[in-house]
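Data file: start27.tsv. Format and content: TSV, C-alpha atoms.
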chain	number	residue	atom	x	y	z
A	1	PHE	CA	68.14	-20.88	-45.98
A	2	PRO	CA	70.07	-17.56	-45.97
A	3	ASN	CA	72.74	-18.98	-43.65
A	4	GLU	CA	73.37	-21.88	-46.06
A	5	TRP	CA	74.51	-19.75	-49.02
A	6	PRO	CA	78.15	-19.32	-47.85
A	7	GLU	CA	78.50	-23.10	-47.68
A	8	VAL	CA	76.88	-24.05	-50.97
A	9	LEU	CA	78.59	-21.33	-53.00
A	10	THR	CA	82.02	-22.63	-51.96
A	11	ARG	CA	81.36	-26.35	-51.63
A	12	GLY	CA	82.96	-27.43	-54.92
A	13	ASN	CA	82.39	-31.01	-56.06
A	14	VAL	CA	81.42	-32.35	-52.64
A	15	ALA	CA	78.32	-34.12	-54.00
A	16	GLY	CA	80.06	-35.53	-57.08
A	17	TYR	CA	78.27	-33.40	-59.68
A	18	GLU	CA	81.39	-33.06	-61.83
A	19	ASP	CA	81.68	-36.84	-62.12
A	20	PHE	CA	78.53	-36.87	-64.24
A	21	ASP	CA	78.69	-33.38	-65.77
A	22	GLU	CA	79.66	-33.73	-69.43
A	23	ALA	CA	79.01	-37.44	-69.85
A	24	LEU	CA	75.46	-37.50	-68.55
A	25	PHE	CA	74.03	-34.28	-67.10
A	26	ASN	CA	75.23	-31.61	-69.53
A	27	PRO	CA	76.29	-32.99	-72.94
A	28	ARG	CA	78.09	-30.34	-74.97
A	29	ARG	CA	76.14	-31.12	-78.16
A	30	ALA	CA	72.43	-31.33	-78.85
A	31	PRO	CA	71.30	-34.97	-78.60
A	32	THR	CA	70.29	-36.98	-81.62
A	33	LEU	CA	67.33	-39.37	-81.47
A	34	PHE	CA	69.81	-42.19	-80.96
A	35	ASN	CA	71.35	-40.34	-78.02
A	36	ALA	CA	67.96	-39.55	-76.50
A	37	TYR	CA	66.52	-43.06	-76.72
A	38	PHE	CA	69.58	-45.28	-76.37
A	39	THR	CA	72.94	-43.71	-75.52
A	40	VAL	CA	71.68	-41.83	-72.45
A	41	PHE	CA	70.44	-45.07	-70.89
A	42	VAL	CA	73.73	-46.85	-71.60
A	43	LYS	CA	75.63	-43.97	-69.97
A	44	ALA	CA	73.28	-43.97	-66.98
A	45	ALA	CA	73.74	-47.72	-66.51
A	46	TYR	CA	77.53	-47.34	-66.68
A	47	ALA	CA	77.44	-44.48	-64.16
A	48	ILE	CA	75.33	-46.55	-61.74
A	49	ILE	CA	77.71	-49.50	-62.04
A	50	LYS	CA	80.78	-47.28	-61.52
A	51	TYR	CA	79.54	-44.88	-58.82
A	52	GLY	CA	76.39	-46.48	-57.39
A	53	TYR	CA	72.78	-45.39	-57.79
A	54	VAL	CA	72.56	-43.39	-54.55
A	55	ASN	CA	75.79	-41.51	-55.36
A	56	MET	CA	74.44	-40.54	-58.77
A	57	LYS	CA	71.13	-39.50	-57.23
A	58	ARG	CA	72.98	-37.43	-54.57
A	59	SER	CA	74.94	-35.52	-57.21
A	60	LEU	CA	71.74	-34.87	-59.13
A	61	VAL	CA	69.53	-33.66	-56.27
A	62	ALA	CA	72.32	-31.65	-54.58
A	63	GLY	CA	72.89	-29.94	-57.90
A	64	THR	CA	75.55	-27.37	-58.69
A	65	TYR	CA	76.10	-23.83	-57.51
A	66	GLU	CA	79.11	-23.24	-59.78
A	67	TYR	CA	78.01	-24.07	-63.32
A	68	SER	CA	75.16	-21.77	-64.27
A	69	HIS	CA	74.81	-23.58	-67.59
A	70	GLY	CA	74.21	-26.90	-65.86
A	71	ILE	CA	71.02	-28.79	-65.17
A	72	PHE	CA	69.92	-28.47	-61.54
A	73	TYR	CA	71.81	-25.17	-61.08
A	74	GLY	CA	70.85	-23.89	-57.63
A	75	GLY	CA	71.37	-20.17	-58.25
A	76	ASN	CA	72.89	-17.76	-55.74
A	77	GLU	CA	69.88	-16.30	-53.95
A	78	LEU	CA	66.35	-17.16	-52.84
A	79	GLN	CA	64.18	-17.15	-55.94
A	80	ALA	CA	61.25	-14.82	-56.64
A	81	SER	CA	58.56	-17.50	-56.26
A	82	HIS	CA	59.44	-18.02	-52.60
A	83	LEU	CA	59.95	-14.33	-51.91
A	84	LEU	CA	56.46	-13.65	-53.29
A	85	LEU	CA	54.92	-16.53	-51.33
A	86	GLN	CA	56.56	-15.35	-48.11
A	87	GLU	CA	55.37	-11.78	-48.74
A	88	PHE	CA	51.82	-13.04	-49.37
A	89	LEU	CA	51.73	-15.15	-46.19
A	90	VAL	CA	53.04	-12.28	-44.05
A	91	LYS	CA	50.88	-9.53	-45.58
A	92	LYS	CA	47.72	-11.61	-45.29
A	93	GLY	CA	48.47	-12.33	-41.65
A	94	PHE	CA	48.72	-16.10	-42.05
A	95	THR	CA	51.99	-16.26	-40.12
A	96	THR	CA	50.75	-14.41	-37.03
A	97	ASN	CA	48.75	-15.92	-34.20
A	98	ALA	CA	49.13	-19.35	-35.75
A	99	ASP	CA	48.62	-22.27	-33.40
A	100	MET	CA	48.50	-25.70	-35.01
A	101	LEU	CA	49.67	-25.64	-38.58
A	102	THR	CA	49.77	-28.52	-41.07
A	103	TRP	CA	51.64	-28.03	-44.33
A	104	ILE	CA	51.61	-30.86	-46.89
A	105	ASP	CA	53.90	-30.61	-49.91
A	106	VAL	CA	52.66	-33.11	-52.50
A	107	HIS	CA	55.16	-34.74	-54.87
A	108	THR	CA	54.97	-37.55	-57.39
A	109	GLY	CA	57.74	-39.82	-58.56
A	110	LEU	CA	59.83	-41.35	-55.78
A	111	GLY	CA	58.97	-44.51	-53.89
A	112	PRO	CA	57.21	-47.79	-54.70
A	113	SER	CA	54.59	-47.43	-57.44
A	114	GLY	CA	51.18	-46.46	-56.09
A	115	ILE	CA	52.39	-46.07	-52.50
A	116	ASP	CA	52.56	-42.88	-50.42
A	117	THR	CA	55.68	-42.10	-48.39
A	118	LEU	CA	55.38	-39.31	-45.80
A	119	LEU	CA	58.50	-37.33	-44.89
A	120	ALA	CA	58.15	-35.28	-41.72
A	121	HIS	CA	59.97	-31.97	-41.43
A	122	GLY	CA	59.94	-29.09	-38.97
A	123	THR	CA	59.79	-29.24	-35.20
A	124	ASP	CA	56.94	-30.60	-33.13
A	125	LYS	CA	57.28	-28.45	-30.00
A	126	ARG	CA	55.01	-30.67	-27.96
A	127	ASP	CA	57.83	-33.10	-27.35
A	128	GLY	CA	60.83	-31.19	-28.67
A	129	THR	CA	61.58	-33.67	-31.43
A	130	LYS	CA	62.01	-33.35	-35.17
A	131	GLY	CA	58.52	-34.20	-36.29
A	132	GLU	CA	58.05	-37.54	-34.52
A	133	GLY	CA	54.49	-36.55	-33.65
A	134	ALA	CA	53.50	-37.06	-37.30
A	135	ASP	CA	52.85	-40.73	-36.56
A	136	ASP	CA	49.96	-39.64	-34.33
A	137	TYR	CA	48.22	-37.95	-37.25
A	138	PHE	CA	49.07	-40.34	-40.07
A	139	TYR	CA	48.70	-43.66	-38.30
A	140	GLY	CA	46.98	-45.19	-41.34
A	141	ALA	CA	49.82	-44.40	-43.75
A	142	PRO	CA	50.86	-47.36	-45.95
A	143	ARG	CA	54.53	-46.86	-45.01
A	144	PRO	CA	56.08	-45.64	-41.73
A	145	VAL	CA	56.62	-41.88	-41.55
A	146	GLN	CA	60.27	-41.02	-42.25
A	147	TYR	CA	61.97	-38.31	-40.20
A	148	HIS	CA	65.63	-38.17	-41.09
A	149	PHE	CA	65.47	-36.57	-44.51
A	150	GLY	CA	68.57	-37.40	-46.51
A	151	GLN	CA	69.90	-39.98	-44.08
A	152	GLY	CA	68.42	-43.04	-45.77
A	153	GLY	CA	70.56	-46.00	-46.69
A	154	GLU	CA	71.34	-47.64	-49.98
A	155	SER	CA	67.90	-49.19	-50.36
A	156	ASP	CA	66.66	-46.48	-52.75
A	157	GLY	CA	67.91	-48.49	-55.67
A	158	LEU	CA	66.24	-49.55	-58.85
A	159	GLY	CA	63.07	-50.38	-56.95
A	160	GLY	CA	62.93	-47.03	-55.14
A	161	GLY	CA	62.85	-48.36	-51.57
A	162	ASP	CA	64.15	-45.53	-49.40
A	163	VAL	CA	62.79	-42.26	-50.79
A	164	THR	CA	65.08	-40.04	-48.71
A	165	SER	CA	68.45	-41.59	-49.52
A	166	GLY	CA	70.88	-39.35	-51.36
A	167	TYR	CA	69.48	-36.05	-50.04
A	168	ASP	CA	72.00	-35.64	-47.20
A	169	LEU	CA	73.98	-32.97	-49.09
A	170	SER	CA	70.94	-31.12	-50.44
A	171	ARG	CA	70.38	-27.65	-49.02
A	172	GLY	CA	67.40	-25.32	-49.07
A	173	ILE	CA	64.81	-27.86	-47.95
A	174	LEU	CA	61.97	-25.38	-48.07
A	175	ASN	CA	59.63	-27.19	-45.71
A	176	GLU	CA	62.05	-26.27	-42.90
A	177	TYR	CA	62.22	-22.70	-44.20
A	178	TYR	CA	58.45	-22.22	-43.92
A	179	ALA	CA	58.31	-23.93	-40.53
A	180	LEU	CA	60.78	-21.32	-39.24
A	181	LEU	CA	58.80	-18.51	-40.91
A	182	PHE	CA	55.70	-19.43	-38.91
A	183	GLN	CA	57.64	-20.00	-35.70
A	184	GLU	CA	59.30	-16.58	-35.87
A	185	SER	CA	55.93	-14.81	-36.08
A	186	SER	CA	54.03	-17.23	-33.83
A	187	PRO	CA	56.34	-18.65	-31.14
A	188	SER	CA	53.56	-20.91	-29.86
A	189	ALA	CA	52.95	-22.43	-33.28
A	190	HIS	CA	53.25	-26.19	-33.70
A	191	PRO	CA	54.02	-26.55	-37.41
A	192	LEU	CA	53.68	-30.05	-38.78
A	193	ILE	CA	55.46	-29.92	-42.13
A	194	VAL	CA	55.12	-33.04	-44.26
A	195	THR	CA	56.18	-33.98	-47.76
A	196	GLN	CA	53.97	-36.58	-49.43
A	197	GLU	CA	55.79	-38.60	-52.07
A	198	PHE	CA	53.46	-40.64	-54.25
A	199	GLY	CA	55.47	-43.35	-55.99
A	200	THR	CA	55.11	-43.77	-59.74
A	201	PHE	CA	58.04	-45.42	-61.52
A	202	PRO	CA	61.19	-47.11	-60.19
A	203	GLY	CA	63.86	-44.63	-59.12
A	204	ILE	CA	66.07	-45.26	-62.14
A	205	MET	CA	63.23	-44.18	-64.46
A	206	VAL	CA	62.40	-41.08	-62.43
The structure in this file should be written as C-alpha coordinates.
Amino acid sequence: FPNEWPEVLTRGNVAGYEDFDEALFNPRRAPTLFNAYFTVFVKAAYAIIKYGYVNMKRSLVAGTYEYSHGIFYGGNELQASHLLLQEFLVKKGFTTNADMLTWIDVHTGLGPSGIDTLLAHGTDKRDGTKGEGADDYFYGAPRPVQYHFGQGGESDGLGGGDVTSGYDLSRGILNEYYALLFQESSPSAHPLIVTQEFGTFPGIMV
(Lines of atoms letter the chains of each structure in order from A and count residues from 1; the text may use other names and numbers.)
(Lines give C-alpha, C1' and ligand atoms only; values in the text may rest on other atoms or scores of the structure.)
Protein backbone atom coordinates (compact mmCIF):
# COMPACT_ATOMS: atom_id res chain seq x y z
CA PHE A 1 0.00 0.00 0.00
CA PRO A 2 1.21 3.60 -0.56
CA ASN A 3 1.23 4.29 3.19
CA GLU A 4 3.50 1.29 3.79
CA TRP A 5 6.45 2.53 1.72
CA PRO A 6 7.95 4.81 4.45
CA GLU A 7 8.10 1.82 6.79
CA VAL A 8 9.54 -0.78 4.43
CA LEU A 9 12.15 1.52 2.93
CA THR A 10 13.63 2.20 6.38
CA ARG A 11 13.01 -1.11 8.13
CA GLY A 12 16.55 -2.47 7.89
CA ASN A 13 17.09 -6.12 8.81
CA VAL A 14 13.89 -6.49 10.82
CA ALA A 15 12.91 -9.73 9.05
CA GLY A 16 16.40 -11.25 9.19
CA TYR A 17 17.15 -11.08 5.46
CA GLU A 18 20.82 -10.25 6.06
CA ASP A 19 21.28 -13.42 8.10
CA PHE A 20 20.82 -15.47 4.93
CA ASP A 21 22.03 -12.98 2.31
CA GLU A 22 25.43 -14.13 1.07
CA ALA A 23 25.38 -17.67 2.42
CA LEU A 24 22.07 -18.74 0.92
CA PHE A 25 19.99 -16.11 -0.90
CA ASN A 26 22.58 -14.20 -2.92
CA PRO A 27 25.86 -16.09 -3.42
CA ARG A 28 28.54 -13.82 -4.84
CA ARG A 29 29.68 -16.37 -7.44
CA ALA A 30 27.78 -18.31 -10.06
CA PRO A 31 26.90 -21.77 -8.68
CA THR A 32 28.54 -24.92 -9.93
CA LEU A 33 26.52 -28.10 -10.44
CA PHE A 34 27.80 -29.29 -7.07
CA ASN A 35 26.56 -26.08 -5.45
CA ALA A 36 23.19 -26.29 -7.16
CA TYR A 37 22.45 -29.93 -6.32
CA PHE A 38 24.23 -30.42 -3.00
CA THR A 39 25.76 -27.41 -1.24
CA VAL A 40 22.60 -25.29 -1.33
CA PHE A 41 20.65 -28.01 0.50
CA VAL A 42 23.36 -28.39 3.14
CA LYS A 43 23.34 -24.62 3.70
CA ALA A 44 19.55 -24.57 3.89
CA ALA A 45 19.54 -27.38 6.45
CA TYR A 46 22.15 -25.56 8.55
CA ALA A 47 20.15 -22.31 8.37
CA ILE A 48 16.96 -24.10 9.50
CA ILE A 49 18.79 -25.71 12.42
CA LYS A 50 20.38 -22.40 13.46
CA TYR A 51 17.50 -19.96 12.90
CA GLY A 52 14.38 -22.12 12.56
CA TYR A 53 12.30 -22.82 9.47
CA VAL A 54 9.68 -20.11 10.07
CA ASN A 55 12.38 -17.47 10.65
CA MET A 56 14.05 -18.38 7.38
CA LYS A 57 10.71 -18.34 5.58
CA ARG A 58 9.89 -14.92 7.13
CA SER A 59 13.14 -13.40 5.87
CA LEU A 60 12.48 -14.83 2.42
CA VAL A 61 8.86 -13.74 1.97
CA ALA A 62 9.38 -10.32 3.61
CA GLY A 63 12.24 -9.78 1.19
CA THR A 64 14.55 -6.78 1.06
CA TYR A 65 13.97 -3.16 0.17
CA GLU A 66 17.64 -2.20 0.49
CA TYR A 67 19.60 -4.56 -1.74
CA SER A 68 18.42 -4.12 -5.31
CA HIS A 69 20.73 -6.94 -6.42
CA GLY A 70 19.07 -9.39 -4.05
CA ILE A 71 16.49 -12.07 -4.67
CA PHE A 72 13.02 -11.00 -3.50
CA TYR A 73 13.87 -7.29 -3.83
CA GLY A 74 10.61 -5.41 -3.19
CA GLY A 75 11.37 -2.28 -5.20
CA ASN A 76 10.44 1.25 -4.12
CA GLU A 77 7.09 1.85 -5.81
CA LEU A 78 3.96 0.05 -6.97
CA GLN A 79 4.87 -1.90 -10.08
CA ALA A 80 3.45 -1.38 -13.56
CA SER A 81 1.44 -4.62 -13.62
CA HIS A 82 -0.75 -3.45 -10.75
CA LEU A 83 -0.98 0.12 -12.01
CA LEU A 84 -2.24 -1.23 -15.35
CA LEU A 85 -4.69 -3.62 -13.69
CA GLN A 86 -6.05 -0.85 -11.48
CA GLU A 87 -6.41 1.46 -14.50
CA PHE A 88 -8.24 -1.28 -16.42
CA LEU A 89 -10.68 -2.01 -13.58
CA VAL A 90 -11.47 1.69 -13.09
CA LYS A 91 -11.77 2.60 -16.78
CA LYS A 92 -14.03 -0.36 -17.51
CA GLY A 93 -16.28 0.58 -14.61
CA PHE A 94 -15.76 -2.63 -12.66
CA THR A 95 -15.07 -0.76 -9.42
CA THR A 96 -18.25 1.35 -9.48
CA ASN A 97 -21.68 0.23 -8.34
CA ALA A 98 -20.21 -3.04 -7.13
CA ASP A 99 -22.28 -4.92 -4.58
CA MET A 100 -21.09 -8.41 -3.71
CA LEU A 101 -17.62 -9.10 -5.00
CA THR A 102 -15.64 -12.35 -4.79
CA TRP A 103 -11.96 -12.28 -5.68
CA ILE A 104 -10.01 -15.56 -5.62
CA ASP A 105 -6.23 -15.43 -5.99
CA VAL A 106 -5.05 -18.94 -6.88
CA HIS A 107 -1.60 -20.10 -5.76
CA THR A 108 0.21 -23.42 -5.77
CA GLY A 109 2.94 -24.58 -3.46
CA LEU A 110 2.23 -24.06 0.23
CA GLY A 111 0.29 -26.44 2.44
CA PRO A 112 -0.20 -30.21 2.63
CA SER A 113 0.14 -31.93 -0.74
CA GLY A 114 -3.13 -32.06 -2.67
CA ILE A 115 -5.05 -30.00 -0.10
CA ASP A 116 -6.56 -26.52 -0.54
CA THR A 117 -6.06 -23.88 2.14
CA LEU A 118 -8.25 -20.76 1.90
CA LEU A 119 -6.91 -17.49 3.32
CA ALA A 120 -9.57 -14.82 3.78
CA HIS A 121 -8.64 -11.17 3.31
CA GLY A 122 -10.56 -7.91 3.13
CA THR A 123 -13.50 -6.80 5.22
CA ASP A 124 -16.91 -8.43 5.30
CA LYS A 125 -19.08 -5.40 6.11
CA ARG A 126 -22.08 -7.51 7.01
CA ASP A 127 -20.66 -8.19 10.44
CA GLY A 128 -17.72 -5.78 10.58
CA THR A 129 -15.11 -8.51 10.84
CA LYS A 130 -12.01 -9.34 8.85
CA GLY A 131 -13.44 -11.90 6.47
CA GLU A 132 -15.03 -14.30 8.95
CA GLY A 133 -18.04 -14.64 6.66
CA ALA A 134 -15.93 -16.72 4.26
CA ASP A 135 -16.86 -19.83 6.23
CA ASP A 136 -20.45 -19.35 5.06
CA TYR A 137 -19.42 -19.64 1.42
CA PHE A 138 -16.70 -22.26 1.67
CA TYR A 139 -18.23 -24.61 4.20
CA GLY A 140 -17.04 -27.66 2.23
CA ALA A 141 -13.36 -26.65 2.26
CA PRO A 142 -10.99 -29.47 3.28
CA ARG A 143 -9.30 -27.21 5.85
CA PRO A 144 -10.77 -24.42 8.01
CA VAL A 145 -10.61 -20.96 6.44
CA GLN A 146 -7.70 -18.97 7.90
CA TYR A 147 -8.17 -15.28 8.67
CA HIS A 148 -5.10 -13.95 10.41
CA PHE A 149 -2.65 -13.85 7.54
CA GLY A 150 0.91 -13.95 8.83
CA GLN A 151 -0.02 -14.74 12.41
CA GLY A 152 0.33 -18.52 12.18
CA GLY A 153 2.47 -20.45 14.60
CA GLU A 154 5.48 -22.64 14.13
CA SER A 155 3.54 -25.50 12.57
CA ASP A 156 4.49 -24.54 9.00
CA GLY A 157 7.54 -26.72 9.23
CA LEU A 158 8.87 -29.40 6.97
CA GLY A 159 5.36 -30.75 6.47
CA GLY A 160 3.86 -27.36 5.60
CA GLY A 161 1.13 -27.30 8.25
CA ASP A 162 0.30 -23.63 8.77
CA VAL A 163 0.42 -21.90 5.39
CA THR A 164 0.31 -18.37 6.81
CA SER A 165 3.16 -18.57 9.31
CA GLY A 166 6.11 -16.30 8.62
CA TYR A 167 4.15 -13.64 6.71
CA ASP A 168 3.65 -11.29 9.67
CA LEU A 169 6.35 -8.87 8.43
CA SER A 170 5.34 -9.01 4.77
CA ARG A 171 3.86 -5.83 3.34
CA GLY A 172 1.91 -5.11 0.18
CA ILE A 173 -0.60 -7.94 0.53
CA LEU A 174 -2.41 -7.06 -2.67
CA ASN A 175 -5.70 -8.74 -1.85
CA GLU A 176 -6.25 -6.01 0.75
CA TYR A 177 -5.20 -3.37 -1.78
CA TYR A 178 -7.88 -4.43 -4.26
CA ALA A 179 -10.51 -4.76 -1.54
CA LEU A 180 -9.91 -1.10 -0.66
CA LEU A 181 -9.98 -0.12 -4.35
CA PHE A 182 -13.51 -1.49 -4.70
CA GLN A 183 -14.66 -0.07 -1.38
CA GLU A 184 -13.49 3.44 -2.25
CA SER A 185 -15.57 3.48 -5.45
CA SER A 186 -18.47 1.42 -4.10
CA PRO A 187 -18.97 2.10 -0.37
CA SER A 188 -21.73 -0.52 -0.21
CA ALA A 189 -19.53 -3.23 -1.68
CA HIS A 190 -18.96 -6.42 0.29
CA PRO A 191 -15.65 -7.67 -1.11
CA LEU A 192 -14.79 -11.24 -0.21
CA ILE A 193 -11.10 -11.55 -1.03
CA VAL A 194 -9.67 -15.04 -0.76
CA THR A 195 -6.31 -16.61 -1.54
CA GLN A 196 -6.46 -20.28 -2.48
CA GLU A 197 -3.25 -22.14 -1.72
CA PHE A 198 -3.11 -25.57 -3.32
CA GLY A 199 -0.43 -27.62 -1.57
CA THR A 200 2.16 -29.41 -3.66
CA PHE A 201 5.45 -30.21 -1.93
CA PRO A 202 6.54 -29.88 1.72
CA GLY A 203 7.44 -26.32 2.68
CA ILE A 204 11.18 -26.97 2.73
CA MET A 205 11.06 -28.03 -0.94
CA VAL A 206 8.93 -25.06 -2.00
message: List the spatial neighbours of stretch 183-191 of chain A as a VMD selection string - criterion: any atom at most 6 Å away, all atoms listed in the file, same-chain residues fewer than 4 positions off excluded.
response: chain A and resid 95 to 102 124 to 125 179
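Interatomic distance, atom CA of A:Asp21 to atom CA of A:Gly74: 14.8 Å.
Using all atoms listed in the file, the nearest neighbour of A:Asp135 within the list A:Thr32, A:Asp105, A:Val194, A:Gly199 is A:Val194.
You will find atom CA of A:Leu85 at 12.8 Å from atom CA of A:Phe182.
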- prompt: Of the candidates A:Glu22, A:Gly172, A:Ile71, A:Ala30, which shows the shortest atom-to-atom distance to A:Asn3, using only C-alpha atoms?
  reply: A:Gly172
task: Would you work out the distance separating atom CA of A:Phe198 from atom CA of A:Gly111, expressed in Å to one decimal?
output: 6.7 Å
- request: Compile the contact shell of A:Asn26 as a VMD selection string: residues with an atom at most 10 Å away, counting only C-alpha atoms, same-chain residues fewer than 6 positions apart removed.
  value: chain A and resid 18 20 69 to 71
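Using all atoms listed in the file for every distance, the candidate list A:Phe72, A:Gly93, A:Gln146, A:Asn55 yields A:Asn55 as the residue closest to A:Tyr167.
Each of A:Ala120, A:Leu180, A:Val145, A:Ile115 was compared to A:Pro202 using all atoms listed in the file, and A:Ile115 turns out to be the nearest.
Candidate residues A:Lys92, A:Leu9, A:Leu24, A:Val42 were compared for distance to A:Gly75, and the nearest is A:Leu9, using all atoms listed in the file.
Distance check against A:Trp103 using all atoms listed in the file: of A:Trp5, A:Tyr51, A:Tyr46, A:Tyr178, the minimum falls on A:Tyr178.
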Residue neighbourhood A:Leu169, 10 Å, all atoms listed in the file, exclusion window fewer than 4 positions, as an NGL selection string: :A and (8 or 14-15 or 58-59 or 61-63 or 150-151)
Atoms added to stretch 180-191 of chain A (all heavy atoms), reported as a PDB file, in the coordinates of the input:
ATOM      1  N   LEU A 180      60.145 -22.394 -40.000  1.00  0.00           N
ATOM      2  CA  LEU A 180      60.780 -21.320 -39.240  1.00  0.00           C
ATOM      3  C   LEU A 180      60.059 -19.982 -39.441  1.00  0.00           C
ATOM      4  O   LEU A 180      59.973 -19.173 -38.516  1.00  0.00           O
ATOM      5  CB  LEU A 180      62.247 -21.180 -39.670  1.00  0.00           C
ATOM      6  CG  LEU A 180      63.171 -22.335 -39.268  1.00  0.00           C
ATOM      7  CD1 LEU A 180      64.555 -22.159 -39.887  1.00  0.00           C
ATOM      8  CD2 LEU A 180      63.286 -22.415 -37.748  1.00  0.00           C
ATOM      9  N   LEU A 181      59.536 -19.758 -40.638  1.00  0.00           N
ATOM     10  CA  LEU A 181      58.800 -18.510 -40.910  1.00  0.00           C
ATOM     11  C   LEU A 181      57.608 -18.387 -39.976  1.00  0.00           C
ATOM     12  O   LEU A 181      57.370 -17.313 -39.405  1.00  0.00           O
ATOM     13  CB  LEU A 181      58.347 -18.498 -42.372  1.00  0.00           C
ATOM     14  CG  LEU A 181      57.445 -17.325 -42.793  1.00  0.00           C
ATOM     15  CD1 LEU A 181      58.207 -16.013 -42.693  1.00  0.00           C
ATOM     16  CD2 LEU A 181      56.924 -17.542 -44.215  1.00  0.00           C
ATOM     17  N   PHE A 182      56.862 -19.461 -39.803  1.00  0.00           N
ATOM     18  CA  PHE A 182      55.700 -19.430 -38.910  1.00  0.00           C
ATOM     19  C   PHE A 182      56.132 -19.338 -37.455  1.00  0.00           C
ATOM     20  O   PHE A 182      55.507 -18.639 -36.656  1.00  0.00           O
ATOM     21  CB  PHE A 182      54.823 -20.657 -39.136  1.00  0.00           C
ATOM     22  CG  PHE A 182      53.937 -20.550 -40.343  1.00  0.00           C
ATOM     23  CD1 PHE A 182      54.367 -21.010 -41.580  1.00  0.00           C
ATOM     24  CD2 PHE A 182      52.690 -19.954 -40.250  1.00  0.00           C
ATOM     25  CE1 PHE A 182      53.554 -20.901 -42.701  1.00  0.00           C
ATOM     26  CE2 PHE A 182      51.865 -19.837 -41.369  1.00  0.00           C
ATOM     27  CZ  PHE A 182      52.309 -20.308 -42.601  1.00  0.00           C
ATOM     28  N   GLN A 183      57.190 -20.019 -37.092  1.00  0.00           N
ATOM     29  CA  GLN A 183      57.640 -20.000 -35.700  1.00  0.00           C
ATOM     30  C   GLN A 183      58.145 -18.620 -35.283  1.00  0.00           C
ATOM     31  O   GLN A 183      57.978 -18.209 -34.132  1.00  0.00           O
ATOM     32  CB  GLN A 183      58.721 -21.050 -35.477  1.00  0.00           C
ATOM     33  CG  GLN A 183      58.176 -22.467 -35.495  1.00  0.00           C
ATOM     34  CD  GLN A 183      59.272 -23.514 -35.396  1.00  0.00           C
ATOM     35  OE1 GLN A 183      60.446 -23.209 -35.544  1.00  0.00           O
ATOM     36  NE2 GLN A 183      58.883 -24.747 -35.146  1.00  0.00           N
ATOM     37  N   GLU A 184      58.783 -17.911 -36.201  1.00  0.00           N
ATOM     38  CA  GLU A 184      59.300 -16.580 -35.870  1.00  0.00           C
ATOM     39  C   GLU A 184      58.167 -15.608 -35.561  1.00  0.00           C
ATOM     40  O   GLU A 184      58.291 -14.757 -34.690  1.00  0.00           O
ATOM     41  CB  GLU A 184      60.147 -16.062 -37.026  1.00  0.00           C
ATOM     42  CG  GLU A 184      61.494 -16.772 -37.166  1.00  0.00           C
ATOM     43  CD  GLU A 184      62.239 -16.318 -38.398  1.00  0.00           C
ATOM     44  OE1 GLU A 184      61.675 -15.522 -39.184  1.00  0.00           O
ATOM     45  OE2 GLU A 184      63.391 -16.762 -38.593  1.00  0.00           O
ATOM     46  N   SER A 185      57.062 -15.710 -36.282  1.00  0.00           N
ATOM     47  CA  SER A 185      55.930 -14.810 -36.080  1.00  0.00           C
ATOM     48  C   SER A 185      54.961 -15.311 -35.023  1.00  0.00           C
ATOM     49  O   SER A 185      54.223 -14.524 -34.425  1.00  0.00           O
ATOM     50  CB  SER A 185      55.183 -14.594 -37.398  1.00  0.00           C
ATOM     51  OG  SER A 185      56.035 -14.062 -38.389  1.00  0.00           O
ATOM     52  N   SER A 186      54.947 -16.617 -34.804  1.00  0.00           N
ATOM     53  CA  SER A 186      54.030 -17.230 -33.830  1.00  0.00           C
ATOM     54  C   SER A 186      54.808 -18.240 -32.999  1.00  0.00           C
ATOM     55  O   SER A 186      54.839 -19.432 -33.319  1.00  0.00           O
ATOM     56  CB  SER A 186      52.860 -17.925 -34.548  1.00  0.00           C
ATOM     57  OG  SER A 186      52.144 -17.026 -35.360  1.00  0.00           O
ATOM     58  N   PRO A 187      55.494 -17.762 -31.945  1.00  0.00           N
ATOM     59  CA  PRO A 187      56.340 -18.650 -31.140  1.00  0.00           C
ATOM     60  C   PRO A 187      55.615 -19.862 -30.570  1.00  0.00           C
ATOM     61  O   PRO A 187      56.240 -20.883 -30.293  1.00  0.00           O
ATOM     62  CB  PRO A 187      56.835 -17.728 -30.016  1.00  0.00           C
ATOM     63  CG  PRO A 187      56.752 -16.355 -30.591  1.00  0.00           C
ATOM     64  CD  PRO A 187      55.537 -16.370 -31.467  1.00  0.00           C
ATOM     65  N   SER A 188      54.308 -19.778 -30.413  1.00  0.00           N
ATOM     66  CA  SER A 188      53.560 -20.910 -29.860  1.00  0.00           C
ATOM     67  C   SER A 188      53.074 -21.870 -30.938  1.00  0.00           C
ATOM     68  O   SER A 188      52.364 -22.835 -30.632  1.00  0.00           O
ATOM     69  CB  SER A 188      52.359 -20.407 -29.052  1.00  0.00           C
ATOM     70  OG  SER A 188      51.452 -19.678 -29.876  1.00  0.00           O
ATOM     71  N   ALA A 189      53.423 -21.593 -32.188  1.00  0.00           N
ATOM     72  CA  ALA A 189      52.950 -22.430 -33.280  1.00  0.00           C
ATOM     73  C   ALA A 189      53.542 -23.836 -33.184  1.00  0.00           C
ATOM     74  O   ALA A 189      54.658 -24.027 -32.691  1.00  0.00           O
ATOM     75  CB  ALA A 189      53.317 -21.814 -34.622  1.00  0.00           C
ATOM     76  N   HIS A 190      52.791 -24.804 -33.659  1.00  0.00           N
ATOM     77  CA  HIS A 190      53.250 -26.190 -33.700  1.00  0.00           C
ATOM     78  C   HIS A 190      53.192 -26.670 -35.150  1.00  0.00           C
ATOM     79  O   HIS A 190      52.313 -27.448 -35.520  1.00  0.00           O
ATOM     80  CB  HIS A 190      52.362 -27.080 -32.824  1.00  0.00           C
ATOM     81  CG  HIS A 190      52.282 -26.633 -31.400  1.00  0.00           C
ATOM     82  ND1 HIS A 190      53.321 -26.806 -30.513  1.00  0.00           N
ATOM     83  CD2 HIS A 190      51.301 -26.016 -30.713  1.00  0.00           C
ATOM     84  CE1 HIS A 190      52.965 -26.323 -29.340  1.00  0.00           C
ATOM     85  NE2 HIS A 190      51.752 -25.828 -29.436  1.00  0.00           N
ATOM     86  N   PRO A 191      54.104 -26.185 -35.990  1.00  0.00           N
ATOM     87  CA  PRO A 191      54.020 -26.550 -37.410  1.00  0.00           C
ATOM     88  C   PRO A 191      54.337 -28.022 -37.652  1.00  0.00           C
ATOM     89  O   PRO A 191      55.351 -28.534 -37.189  1.00  0.00           O
ATOM     90  CB  PRO A 191      55.064 -25.641 -38.068  1.00  0.00           C
ATOM     91  CG  PRO A 191      56.035 -25.349 -36.977  1.00  0.00           C
ATOM     92  CD  PRO A 191      55.239 -25.310 -35.705  1.00  0.00           C
TER      93      PRO A 191
END
